[in-house]
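Visitor: Okay, here's the structure, questions in a sec.
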Amino acid sequence: MNQKISPEYVQTSLAASLTLGFKSGSFHRNAKLKGLNLLLHYEEGCLGKCHFCGLSKTRLEGPKGKTFIRVDWPVYPLKEIIAKAKGKDQIHRVCISMITHPRALEDTIYVIKQFKSETDLFISVLISPTLILRKESLAAMKEAGADRVGIAIDAATPQLFDQLRGKGVGGPHRWSQYWDVVRMSAEVFGEFYAGIHLIVGLGETEREMVQAIQRGQDLGAHTHLFSFFPEKGSPMENHPPPPLRQYRNIQLARWIINEGLGTSSRMKFDGDGTLIDFGIDIVPLIERGEPFMTSGCSGRDGKVACNRPYGNERPSGPIRNFPFMPEKEDIEEIRKQLE
Ligand code: SF4
C-alpha cells in the first residue's frame with residue numbers, strides 16, 4: 001500500500017491549504033497568510049504525549065482526523081505544495097514542524113533542501129528538541145537552507161512542563177533539554193534567529209510567563225506567543241482559554257521585552273503574580289496596535305511572516321493574535337479588555 005507519509009507527503013495547516021488553492025474559501029476580514037506551516041506526517045504520529053496538543057498520543061479520538069493548534073491539517077504531496085507555493089508572492093516563509101518521531105530529523109533536512117532548491121522562500125523549522133542531541137544536527141539544518149528555528153517550550157515553568165509534557169504524562173520531553181536547545185540554536189543560527197513558543201493559559205501566573213519570555217530574550221530568542229485553546233478530544237478539552245485581560249497583558253509584556261523597551265525585573269506583580277506595572281507607559285503601545293499582532297518569524301519585508309490567521313481563536317472573535325494591523329475599533333476593544 002502506498003502510504004502517504006513524510007518526506008514525500010506533508011501536512012499543511014488549513015490556512016496554508018486555502019492559500020495554496022488546495023481548498024476553496026477565504027479568511028475572515030480578508031486576512032492574508034504570509035507563512036506556510038507544514039507538519040511532517042507519519043502513521044504512528046508524534047511520539048510526544050503533551051496534554052494540551054491535538055497530536056498527542058493520549059488524545060481520545062485516535063490517530064485519524066486529528067487537529068493541531070485547533071485546525072485541520074490535510075496531507076498533500078510535497079512536490080505539489082512546492083509547485084503551488086512557487087507562484088504565490090504573498091508567501092514569504094515556510095515553516096516545517098518536525099514532530100517527535102525517529103525519522104523527523106532526516107526528513108526535515110530533506111524537506112528543507114527541496115524548498116531551498118525550488119523556491120526563494122525563507123525557511124524556518126519548528127524543531128523537536130528531544131531529537132536534537134548535538135549542535136551538528138542544527139548546523140545541518142542551517143546548511144540545508146533554514147535561516148530560523150523555533151522551539152516550542154509551550155509551558156512557562158518547569159513544573160507545568162513536567163506535568164503536561166514530561167514525566168507527568170509519561171512523555172519524552174525534558175525542560176532542561178528544551179532550554180539547552182534554545183541556547184544552542186541561538187549559537188548556531190545567530191542571536192534572535194531562534195525563537196521560543198509559549199502558550200498562555202496552561203496554569204502559569206503572569207509573572208511566570210513574563211519570566212519565561214525574559215529568559216528567552218536573555219538567550220537570544222524572541223517569543224512567539226500563543227493563547228491556549230482546548231483541543232477537542234485532548235485531555236485538556238475542558239480547560240478554559242486564558243481571560244482576555246491576561247492575554248493582552250502578556251502580549252504587551254512580550255512586546256516590551258522583545259523590543260528591548262524594558263525587562264521583567266522592571267515590571268511589578270501583585271501577590272497572585274498578576275502584572276500591575278509594566279515599568280513603562282503602555283498607553284502609546286496600545287495605540288500603536290502592533291503588540292497585539294501575531295508574533296513569529298519574519299518575512300522578506302522584515303515584518304512577521306508567520307501570522308497564523310485564527311490559529312488561536314474562532315474567526316468570530318474576539319481575535320487574540322491579530323494577523324493584520326488592528327484597526328481603530330479593534331484598539332478600542334483591546335483597551336476595554338485591558339481595563
Ligand atoms: S513562529 Fe511560525 S515560522 Fe517561526 S518557528 Fe514558529 S511556527 Fe515556525
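By order of appearance in the C-alpha cells: chains A, B, ..., then residues from 1 within every chain, and ligands from 1 in the order shown.
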Restrict the calculation to only C-alpha atoms, then for each residue of stretch 117-148 of chain A with any atom at most 9 Å from an atom of stretch 188-206 of chain A give the closest atom pair and their distance in Å to one decimal, rows by chain and rising residue number, as a Markdown table.
Guide:
```
| residue | atom | partner | partner_atom | distance |
| --- | --- | --- | --- | --- |
| A:Lys135 | CA | A:Val188 | CA | 7.5 |
| A:Glu136 | CA | A:Val188 | CA | 9.0 |
| A:Leu138 | CA | A:Val188 | CA | 6.9 |
| A:Ala139 | CA | A:Val188 | CA | 6.3 |
| A:Lys142 | CA | A:Phe189 | CA | 7.1 |
| A:Ala146 | CA | A:Phe189 | CA | 8.9 |
| A:Asp147 | CA | A:Phe189 | CA | 6.7 |
| A:Arg148 | CA | A:Tyr193 | CA | 5.0 |
```
Visitor: Print the selection's residues with N, CA, C and O atoms to a file, as an mmCIF file, in the first residue's frame.
Guide:
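The result, stored in out.cif:
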```cif
data_model
loop_
_atom_site.group_PDB
_atom_site.id
_atom_site.type_symbol
_atom_site.label_atom_id
_atom_site.label_comp_id
_atom_site.auth_asym_id
_atom_site.auth_seq_id
_atom_site.Cartn_x
_atom_site.Cartn_y
_atom_site.Cartn_z
ATOM 1 N N LYS A 135 24.830 19.751 18.501
ATOM 2 C CA LYS A 135 24.790 21.007 17.747
ATOM 3 C C LYS A 135 24.840 20.748 16.234
ATOM 4 O O LYS A 135 24.282 21.492 15.436
ATOM 5 N N GLU A 136 25.495 19.661 15.864
ATOM 6 C CA GLU A 136 25.666 19.351 14.437
ATOM 7 C C GLU A 136 24.317 19.174 13.738
ATOM 8 O O GLU A 136 24.181 19.461 12.552
ATOM 9 N N LEU A 138 21.647 20.854 14.305
ATOM 10 C CA LEU A 138 21.164 22.200 13.991
ATOM 11 C C LEU A 138 21.957 22.776 12.822
ATOM 12 O O LEU A 138 21.395 23.388 11.909
ATOM 13 N N ALA A 139 23.259 22.540 12.869
ATOM 14 C CA ALA A 139 24.115 23.060 11.792
ATOM 15 C C ALA A 139 23.707 22.439 10.452
ATOM 16 O O ALA A 139 23.724 23.115 9.410
ATOM 17 N N LYS A 142 20.794 24.284 9.112
ATOM 18 C CA LYS A 142 21.193 25.591 8.597
ATOM 19 C C LYS A 142 21.864 25.425 7.228
ATOM 20 O O LYS A 142 21.565 26.154 6.284
ATOM 21 N N ALA A 146 17.790 26.344 6.100
ATOM 22 C CA ALA A 146 16.907 27.016 7.073
ATOM 23 C C ALA A 146 17.633 28.230 7.639
ATOM 24 O O ALA A 146 18.841 28.191 7.848
ATOM 25 N N ASP A 147 16.907 29.335 7.861
ATOM 26 C CA ASP A 147 17.562 30.511 8.440
ATOM 27 C C ASP A 147 17.084 30.791 9.867
ATOM 28 O O ASP A 147 17.707 31.581 10.571
ATOM 29 N N ARG A 148 15.984 30.161 10.275
ATOM 30 C CA ARG A 148 15.483 30.380 11.639
ATOM 31 C C ARG A 148 14.942 29.078 12.201
ATOM 32 O O ARG A 148 14.494 28.213 11.443
#
```
Visitor: Could you pull out the residues sitting within 7 Å of ligand 1, using only C-alpha atoms and all ligand atoms, and write them as a PyMOL selection string?
Guide: chain A and resi 35+37+94-96+124-126+149-151+195+197+224+295-297+306
Visitor: Please provide the set of residues having any atom within 8 Å of stretch 240-252 of chain A, restricted to only C-alpha atoms, with same-chain residues fewer than 4 positions apart removed, written as a count of residues only.
Guide: 21
Visitor: Taking into account only C-alpha atoms, which residue in the set A:Gly273, A:Pro129, A:Gly233, A:Gly260 is nearest to A:Gln217?
Guide: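 Checking each of A:Gly273, A:Pro129, A:Gly233, A:Gly260 against A:Gln217, counting only C-alpha atoms, the winner is A:Gly260.
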Visitor: Calculated over only C-alpha atoms, which of the candidates A:Lys328, A:His41, A:Lys49, A:Arg207 has the smallest distance to A:Ser265?
Guide: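 Smallest distance to A:Ser265 is found for A:Arg207.
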Visitor: Would you list the contacts of A:Tyr76 as a VMD selection string, taking every protein, DNA or RNA residue within 9 Å and counting only C-alpha atoms, but skipping same-chain residues closer than 2 positions in sequence?
Guide: chain A and resid 4 8 to 12 22 74 78 to 81
Visitor: Restrict the selected residues to all heavy atoms and save them as an mmCIF file, in the first residue's frame.
Guide:
```cif
data_model
loop_
_atom_site.group_PDB
_atom_site.id
_atom_site.type_symbol
_atom_site.label_atom_id
_atom_site.label_comp_id
_atom_site.auth_asym_id
_atom_site.auth_seq_id
_atom_site.Cartn_x
_atom_site.Cartn_y
_atom_site.Cartn_z
ATOM 1 N N LYS A 4 0.869 7.561 2.633
ATOM 2 C CA LYS A 4 1.095 9.000 2.459
ATOM 3 C C LYS A 4 1.879 9.525 3.655
ATOM 4 O O LYS A 4 1.305 10.099 4.573
ATOM 5 C CB LYS A 4 -0.234 9.722 2.330
ATOM 6 C CG LYS A 4 -0.966 9.364 1.058
ATOM 7 C CD LYS A 4 -2.213 10.183 0.937
ATOM 8 C CE LYS A 4 -2.863 9.949 -0.416
ATOM 9 N NZ LYS A 4 -4.082 10.721 -0.556
ATOM 10 N N GLU A 8 7.811 12.445 1.477
ATOM 11 C CA GLU A 8 7.153 12.739 0.193
ATOM 12 C C GLU A 8 5.802 13.422 0.385
ATOM 13 O O GLU A 8 5.304 14.109 -0.492
ATOM 14 C CB GLU A 8 6.975 11.450 -0.633
ATOM 15 C CG GLU A 8 8.279 10.702 -0.943
ATOM 16 C CD GLU A 8 9.336 11.576 -1.603
ATOM 17 O OE1 GLU A 8 8.984 12.621 -2.174
ATOM 18 O OE2 GLU A 8 10.535 11.213 -1.513
ATOM 19 N N TYR A 9 5.205 13.200 1.549
ATOM 20 C CA TYR A 9 3.936 13.853 1.876
ATOM 21 C C TYR A 9 4.110 14.653 3.158
ATOM 22 O O TYR A 9 4.821 14.218 4.067
ATOM 23 C CB TYR A 9 2.824 12.816 2.107
ATOM 24 C CG TYR A 9 2.337 12.176 0.836
ATOM 25 C CD1 TYR A 9 3.058 11.137 0.248
ATOM 26 C CD2 TYR A 9 1.176 12.611 0.216
ATOM 27 C CE1 TYR A 9 2.632 10.551 -0.934
ATOM 28 C CE2 TYR A 9 0.731 12.030 -0.964
ATOM 29 C CZ TYR A 9 1.459 11.007 -1.529
ATOM 30 O OH TYR A 9 1.034 10.435 -2.705
ATOM 31 N N VAL A 10 3.464 15.783 3.233
ATOM 32 C CA VAL A 10 3.456 16.547 4.492
ATOM 33 C C VAL A 10 2.047 17.091 4.727
ATOM 34 O O VAL A 10 1.250 17.179 3.787
ATOM 35 C CB VAL A 10 4.465 17.725 4.510
ATOM 36 C CG1 VAL A 10 5.898 17.238 4.519
ATOM 37 C CG2 VAL A 10 4.240 18.659 3.361
ATOM 38 N N GLN A 11 1.789 17.439 5.953
ATOM 39 C CA GLN A 11 0.510 18.055 6.263
ATOM 40 C C GLN A 11 0.663 19.568 6.141
ATOM 41 O O GLN A 11 1.723 20.111 6.433
ATOM 42 C CB GLN A 11 0.090 17.715 7.691
ATOM 43 C CG GLN A 11 -0.319 16.262 7.858
ATOM 44 C CD GLN A 11 -0.752 15.967 9.277
ATOM 45 O OE1 GLN A 11 0.088 15.727 10.138
ATOM 46 N NE2 GLN A 11 -2.041 15.980 9.533
ATOM 47 N N THR A 12 -0.418 20.234 5.729
ATOM 48 C CA THR A 12 -0.387 21.699 5.746
ATOM 49 C C THR A 12 -1.477 22.161 6.696
ATOM 50 O O THR A 12 -2.455 21.465 6.912
ATOM 51 C CB THR A 12 -0.716 22.325 4.364
ATOM 52 O OG1 THR A 12 -2.101 22.119 4.088
ATOM 53 C CG2 THR A 12 0.129 21.758 3.256
ATOM 54 N N PHE A 22 -5.557 24.401 -2.551
ATOM 55 C CA PHE A 22 -5.987 23.004 -2.432
ATOM 56 C C PHE A 22 -7.468 22.953 -2.033
ATOM 57 O O PHE A 22 -8.187 22.040 -2.370
ATOM 58 C CB PHE A 22 -5.178 22.265 -1.354
ATOM 59 C CG PHE A 22 -3.795 21.896 -1.779
ATOM 60 C CD1 PHE A 22 -2.687 22.488 -1.189
ATOM 61 C CD2 PHE A 22 -3.592 20.935 -2.762
ATOM 62 C CE1 PHE A 22 -1.403 22.139 -1.568
ATOM 63 C CE2 PHE A 22 -2.306 20.571 -3.143
ATOM 64 C CZ PHE A 22 -1.207 21.177 -2.544
ATOM 65 N N PRO A 74 -4.643 18.900 6.530
ATOM 66 C CA PRO A 74 -4.725 17.917 5.446
ATOM 67 C C PRO A 74 -3.343 17.533 4.903
ATOM 68 O O PRO A 74 -2.400 18.309 4.999
ATOM 69 C CB PRO A 74 -5.563 18.620 4.375
ATOM 70 C CG PRO A 74 -5.535 20.070 4.726
ATOM 71 C CD PRO A 74 -5.205 20.198 6.178
ATOM 72 N N LEU A 78 4.506 16.643 -1.180
ATOM 73 C CA LEU A 78 5.427 17.773 -1.027
ATOM 74 C C LEU A 78 5.634 18.485 -2.375
ATOM 75 O O LEU A 78 5.644 19.708 -2.442
ATOM 76 C CB LEU A 78 6.760 17.248 -0.474
ATOM 77 C CG LEU A 78 7.874 18.264 -0.319
ATOM 78 C CD1 LEU A 78 7.504 19.347 0.682
ATOM 79 C CD2 LEU A 78 9.168 17.569 0.125
ATOM 80 N N LYS A 79 5.786 17.695 -3.427
ATOM 81 C CA LYS A 79 6.018 18.266 -4.777
ATOM 82 C C LYS A 79 4.916 19.244 -5.157
ATOM 83 O O LYS A 79 5.178 20.306 -5.696
ATOM 84 C CB LYS A 79 6.037 17.141 -5.812
ATOM 85 C CG LYS A 79 7.375 16.507 -5.993
ATOM 86 C CD LYS A 79 7.417 15.802 -7.365
ATOM 87 C CE LYS A 79 8.773 15.169 -7.538
ATOM 88 N NZ LYS A 79 8.758 13.726 -7.478
ATOM 89 N N GLU A 80 3.663 18.843 -4.878
ATOM 90 C CA GLU A 80 2.533 19.723 -5.251
ATOM 91 C C GLU A 80 2.532 20.997 -4.420
ATOM 92 O O GLU A 80 2.220 22.082 -4.916
ATOM 93 C CB GLU A 80 1.206 18.989 -5.029
ATOM 94 C CG GLU A 80 0.795 18.155 -6.206
ATOM 95 C CD GLU A 80 -0.576 17.532 -5.995
ATOM 96 O OE1 GLU A 80 -1.495 18.220 -5.501
ATOM 97 O OE2 GLU A 80 -0.698 16.330 -6.286
ATOM 98 N N ILE A 81 2.873 20.871 -3.155
ATOM 99 C CA ILE A 81 2.909 22.060 -2.286
ATOM 100 C C ILE A 81 3.951 23.039 -2.817
ATOM 101 O O ILE A 81 3.700 24.241 -2.945
ATOM 102 C CB ILE A 81 3.227 21.657 -0.820
ATOM 103 C CG1 ILE A 81 2.088 20.820 -0.259
ATOM 104 C CG2 ILE A 81 3.489 22.884 0.045
ATOM 105 C CD1 ILE A 81 2.369 20.224 1.109
#
```
Visitor: Choose the residue, out of A:Gly311, A:Gly220, A:Gly271, A:Gly166, that has the smallest atom-to-atom separation from A:His51; count only C-alpha atoms.
Guide: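 Closest residue, counting only C-alpha atoms: A:Gly166.
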Visitor: Have a look at A:Leu40, A:Ile213, A:Ile91, A:Ala85 and name the one nearest to A:Gly21; count only C-alpha atoms.
Guide: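 When distances to A:Gly21 are compared using only C-alpha atoms, the smallest one comes from A:Ala85.
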Visitor: Using DSSP assignments from the backbone, pull out every residue in stretch 187-294 of chain A that falls under helix (DSSP H, G or I) and give it to me as a PyMOL selection string.
Guide: chain A and resi 187-189+206-219+244-258+264-266+283-288+290-292
Visitor: Please provide as an mmCIF file with N, CA and C atoms, in the first residue's frame all residues within 10 Å of A:Glu106, with the sequence filter that same-chain residues fewer than 2 positions apart are discarded (counting only C-alpha atoms).
Guide:
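File produced: selection_4.cif:
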```cif
data_model
loop_
_atom_site.group_PDB
_atom_site.id
_atom_site.type_symbol
_atom_site.label_atom_id
_atom_site.label_comp_id
_atom_site.auth_asym_id
_atom_site.auth_seq_id
_atom_site.Cartn_x
_atom_site.Cartn_y
_atom_site.Cartn_z
ATOM 1 N N PRO A 7 9.033 11.778 3.915
ATOM 2 C CA PRO A 7 9.085 13.170 3.479
ATOM 3 C C PRO A 7 8.318 13.472 2.175
ATOM 4 N N MET A 98 8.786 19.592 12.968
ATOM 5 C CA MET A 98 9.394 18.265 12.935
ATOM 6 C C MET A 98 8.512 17.164 13.518
ATOM 7 N N PRO A 102 11.317 9.224 15.176
ATOM 8 C CA PRO A 102 12.723 8.900 14.874
ATOM 9 C C PRO A 102 13.192 9.358 13.503
ATOM 10 N N ARG A 103 12.301 9.473 12.542
ATOM 11 C CA ARG A 103 12.739 9.866 11.189
ATOM 12 C C ARG A 103 12.706 11.366 10.950
ATOM 13 N N ALA A 104 12.229 12.099 11.935
ATOM 14 C CA ALA A 104 11.907 13.515 11.686
ATOM 15 C C ALA A 104 13.118 14.372 11.309
ATOM 16 N N THR A 108 13.234 16.212 7.813
ATOM 17 C CA THR A 108 13.173 17.674 7.840
ATOM 18 C C THR A 108 14.253 18.251 6.931
ATOM 19 N N ILE A 109 15.435 17.688 7.023
ATOM 20 C CA ILE A 109 16.548 18.178 6.193
ATOM 21 C C ILE A 109 16.220 17.983 4.710
ATOM 22 N N TYR A 110 15.595 16.871 4.401
ATOM 23 C CA TYR A 110 15.189 16.613 3.015
ATOM 24 C C TYR A 110 14.182 17.681 2.550
ATOM 25 N N VAL A 111 13.191 17.963 3.392
ATOM 26 C CA VAL A 111 12.151 18.940 3.004
ATOM 27 C C VAL A 111 12.769 20.343 2.869
ATOM 28 N N SER A 137 23.329 18.695 14.484
ATOM 29 C CA SER A 137 22.003 18.494 13.856
ATOM 30 C C SER A 137 21.425 19.845 13.456
ATOM 31 N N ALA A 140 23.296 21.177 10.482
ATOM 32 C CA ALA A 140 22.887 20.507 9.233
ATOM 33 C C ALA A 140 21.626 21.160 8.662
ATOM 34 N N MET A 141 20.731 21.584 9.543
ATOM 35 C CA MET A 141 19.507 22.251 9.069
ATOM 36 C C MET A 141 19.855 23.607 8.456
#
```
Visitor: What lies within 6 Å of A:Cys46 using only C-alpha atoms, ignoring chain neighbours under 5 positions off, as a VMD selection string?
Guide: chain A and resid 99 to 101
Visitor: Store the residues of this selection in a file with N, CA, C and O atoms, as a PDB file, in the first residue's frame.
Guide:
```pdb
ATOM      1  N   ILE A  99       7.795  17.431  14.557  1.00  0.00           N
ATOM      2  CA  ILE A  99       7.149  16.476  15.467  1.00  0.00           C
ATOM      3  C   ILE A  99       8.180  15.467  16.000  1.00  0.00           C
ATOM      4  O   ILE A  99       9.292  15.368  15.480  1.00  0.00           O
ATOM      5  N   THR A 100       7.818  14.747  17.042  1.00  0.00           N
ATOM      6  CA  THR A 100       8.764  13.840  17.690  1.00  0.00           C
ATOM      7  C   THR A 100       8.610  12.441  17.104  1.00  0.00           C
ATOM      8  O   THR A 100       7.663  11.716  17.425  1.00  0.00           O
ATOM      9  N   HIS A 101       9.519  12.117  16.207  1.00  0.00           N
ATOM     10  CA  HIS A 101       9.472  10.820  15.515  1.00  0.00           C
ATOM     11  C   HIS A 101      10.910  10.497  15.101  1.00  0.00           C
ATOM     12  O   HIS A 101      11.642  11.398  14.685  1.00  0.00           O
TER      13      HIS A 101
END
```
Visitor: How far is it from atom CA of A:Gln3 to atom CA of A:Leu55, in Å with one decimal?
Guide: 18.8 Å
Visitor: Which residues are near A:Tyr42? Cut-off 7 Å, only C-alpha atoms, ignore same chain within fewer than 3 positions. Put them as a compact mmCIF listing (two decimals) with N, CA and C atoms, in the first residue's frame.
Guide:
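Output file selection-v4.txt follows:
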```txt
# COMPACT_ATOMS: atom_id res chain seq x y z
N ILE A 5 3.17 9.28 3.66
CA ILE A 5 3.98 9.72 4.81
C ILE A 5 5.15 10.58 4.35
N SER A 6 5.73 11.26 5.32
CA SER A 6 6.87 12.14 5.05
C SER A 6 8.11 11.30 4.73
N GLY A 45 2.24 8.86 14.05
CA GLY A 45 2.01 10.19 14.62
C GLY A 45 3.20 10.64 15.45
```
Visitor: Step one, run DSSP on the backbone; step two, keep only residues of stretch 238-319 of chain A assigned to strand (DSSP E); then write them as a ChimeraX atom specification.
Guide: /A:268-269,275-277
Visitor: Could you take the residues named above and write them with C-alpha atoms, as a compact mmCIF listing (two decimals), in the first residue's frame?
Guide:
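As a result, out.txt now contains:
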```txt
# COMPACT_ATOMS: atom_id res chain seq x y z
CA LYS A 268 5.66 44.73 39.05
CA PHE A 269 3.25 41.98 40.02
CA LEU A 275 1.12 42.13 36.13
CA ILE A 276 0.23 45.52 37.60
CA ASP A 277 3.03 47.76 36.33
```
